[in-house]
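**Student:** Okay, here's the structure, questions in a sec.
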Amino acid sequence: GAVGGRRRQSWRASARNAAAAEGSGAASSSSSGEEKKVKRARDPYAETAQSDSGTGDDAGGGGIGAMIEKYKWENLSDEVKEDLKTFFTSLTVALSVRFFLVEPRFIPSLSMYPTFDVGDQLTVDKISKNWRDLERRDVVVFNPPPAFQEYTGVDRSGEALIKRVVALEGDIVEVKNGGNLYINGELQDEPFTNEKAKYEFGPTRVPKGCVLVLGDNRNQSLDGHIWGFLPRENIIGRATLKFWPPWRVGTIQASPP
């Protein structure tokens, strides 16, 4: 009985040990299985992400490459090539005209009224000064001289002004007798002015290399009767044509051709 009891206890212990070993193995297998399942679950996503990323890169690179290839000059149609040639030729001509020949300007004040009103736009001939001498009554666009800067106390470099040439180098100029302009002792007829000047000026001689410029709106113009003579080298060009607004289109009044 004792031996039988010991056998039964030994058998039970063996059974418990076997069950424990089996349970431990099952837990380990389950854990390993879950890990494998997790790995298997992650791998498709990782592969998909890698695949998508790779596809995107390939597509992006291919898209850019295809676009570059598409717009290479040799791959363009003859019609597109002709349009591009026309566009760039026109652009080159326009820029050349703008910088070297003629440029548009905008009138911001009433200093030249009634010849120019605020908002008028005009063309400035920049080339003819190389072979054509300035004349009295020319309307010129110019960079402000140092005397203008000193008088105003404001740096206006890069800003152009517009006035009318009334006297040339060597002329004796005077404003007197109720605002009338005299050049070398001769009274000047000026139908383009807004009103007679309410100031007196001179007599004084225009120095070498300079001109005297006044605004057509004599009493509303910061011009040569205040800050002095304009060096010819500061002149950008002559105003030649008003082109805007449409109802004011025309040549410049009293300006020599």
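Chain identifiers are assigned as A, B, and so on, following the order in which chains appear in the structure tokens; residues are numbered from 1 within each chain, and ligands are numbered from 1 in order of appearance.
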I'd like the neighbourhood of A:Ile107 as a ChimeraX atom specification, where a residue qualifies if any of its atoms comes within 12 Å (using only C-alpha atoms), though same-chain residues fewer than 2 positions away should be ignored.
**Tutor:** /A:104-105,109-123,141,159-163,239,242-245
**Student:** From the options A:Thr240, A:Asn180, A:Thr152, A:Gln253, which residue's atoms come nearest to A:Phe192, counting only C-alpha atoms?
**Tutor:**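 Ranked by minimum distance to A:Phe192, first place goes to A:Gln253.
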**Student:** Hey, can you check how far atom CA of A:Glu169 sits from atom CA of A:Glu150?
**Tutor:**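 If I compute the distance from atom CA of A:Glu169 to atom CA of A:Glu150, I get 22.6 Å.
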**Student:** Select, from A:Ile236, A:Val140, A:Asn177, A:Gly209, the residue with the minimum atom-to-atom distance to A:Lys196, counting only C-alpha atoms.
**Tutor:**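 For A:Lys196, the nearest of the candidates is A:Asn177.
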**Student:** Restricting the calculation to only C-alpha atoms: of A:Pro145, A:Arg156, A:Glu103, A:Asp223, which residue gets closest to A:Lys126?
**Tutor:**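 Answer, going by the shortest atom-to-atom distance: A:Glu103.
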**Student:** With only C-alpha atoms as the basis for distance, which of A:Glu79, A:Asp133, A:Glu200, A:Asp189 is at the shortest distance from A:Val173?
**Tutor:**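 Between A:Glu79, A:Asp133, A:Glu200, A:Asp189, the residue approaching A:Val173 most closely is A:Glu200.
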**Student:** Near A:Leu212, within 8 Å and counting only C-alpha atoms, which residues show up once chain neighbours fewer than 3 positions away are dropped, as a list in words?
**Tutor:** Val165, Val166, Ala167, Leu168, Val206, Gly224, Gly228, Phe229 and Leu230 of chain A
**Student:** Return as a VMD selection string the full set of residues in stretch 107-256 of chain A whose backbone-based DSSP assignment is helix (DSSP H, G or I).
**Tutor:** chain A and resid 128 to 130 146 to 152 218 to 220 224 to 227 232 to 234 246 to 248
**Student:** Write a file of the just-selected residues containing C-alpha atoms, as a short mmCIF file (atom, residue, chain, number, x, y, z; two decimals), in the first residue's frame.
**Tutor:**
data_model
loop_
_atom_site.label_atom_id
_atom_site.label_comp_id
_atom_site.auth_asym_id
_atom_site.auth_seq_id
_atom_site.Cartn_x
_atom_site.Cartn_y
_atom_site.Cartn_z
CA SER A 128 18.15 111.60 -80.63
CA LYS A 129 20.15 113.64 -78.11
CA ASN A 130 23.23 111.94 -79.54
CA PRO A 146 22.84 118.12 -56.85
CA ALA A 147 21.43 121.65 -56.44
CA PHE A 148 17.91 120.21 -56.41
CA GLN A 149 18.89 117.65 -53.78
CA GLU A 150 20.50 120.36 -51.64
CA TYR A 151 17.46 122.63 -51.87
CA THR A 152 14.91 119.97 -51.00
CA ARG A 218 5.02 128.51 -63.48
CA ASN A 219 3.74 129.18 -59.96
CA GLN A 220 3.34 125.52 -59.01
CA GLY A 224 15.31 126.16 -62.27
CA HIS A 225 14.18 129.56 -60.98
CA ILE A 226 14.52 128.04 -57.47
CA TRP A 227 17.39 125.56 -57.59
CA ARG A 232 22.98 118.70 -69.82
CA GLU A 233 24.48 115.39 -68.69
CA ASN A 234 21.50 114.89 -66.37
CA PRO A 246 -6.81 108.22 -75.21
CA TRP A 247 -8.53 111.61 -75.22
CA ARG A 248 -5.20 113.35 -74.60
#
**Student:** If I take atom CA of A:Glu195 and atom CA of A:Leu214, how far is one from the other in Å, to one decimal?
**Tutor:**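 Rounded to one decimal, the two atoms are 12.7 Å apart.
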**Student:** What is the atom CA of A:Phe142 to atom CA of A:Asp216 distance in Å?
**Tutor:**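 A separation of 15.8 Å between them.
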**Student:** Given the choices A:Ser221, A:Thr193, A:Ser255, A:Gln188, which gets closest to A:Leu241 if the distance is worked out from only C-alpha atoms?
**Tutor:** A:Ser255
**Student:** Using only C-alpha atoms, which of A:Arg164, A:Lys176, A:Arg238, A:Arg132 sits nearest A:Val211?
**Tutor:** A:Arg164
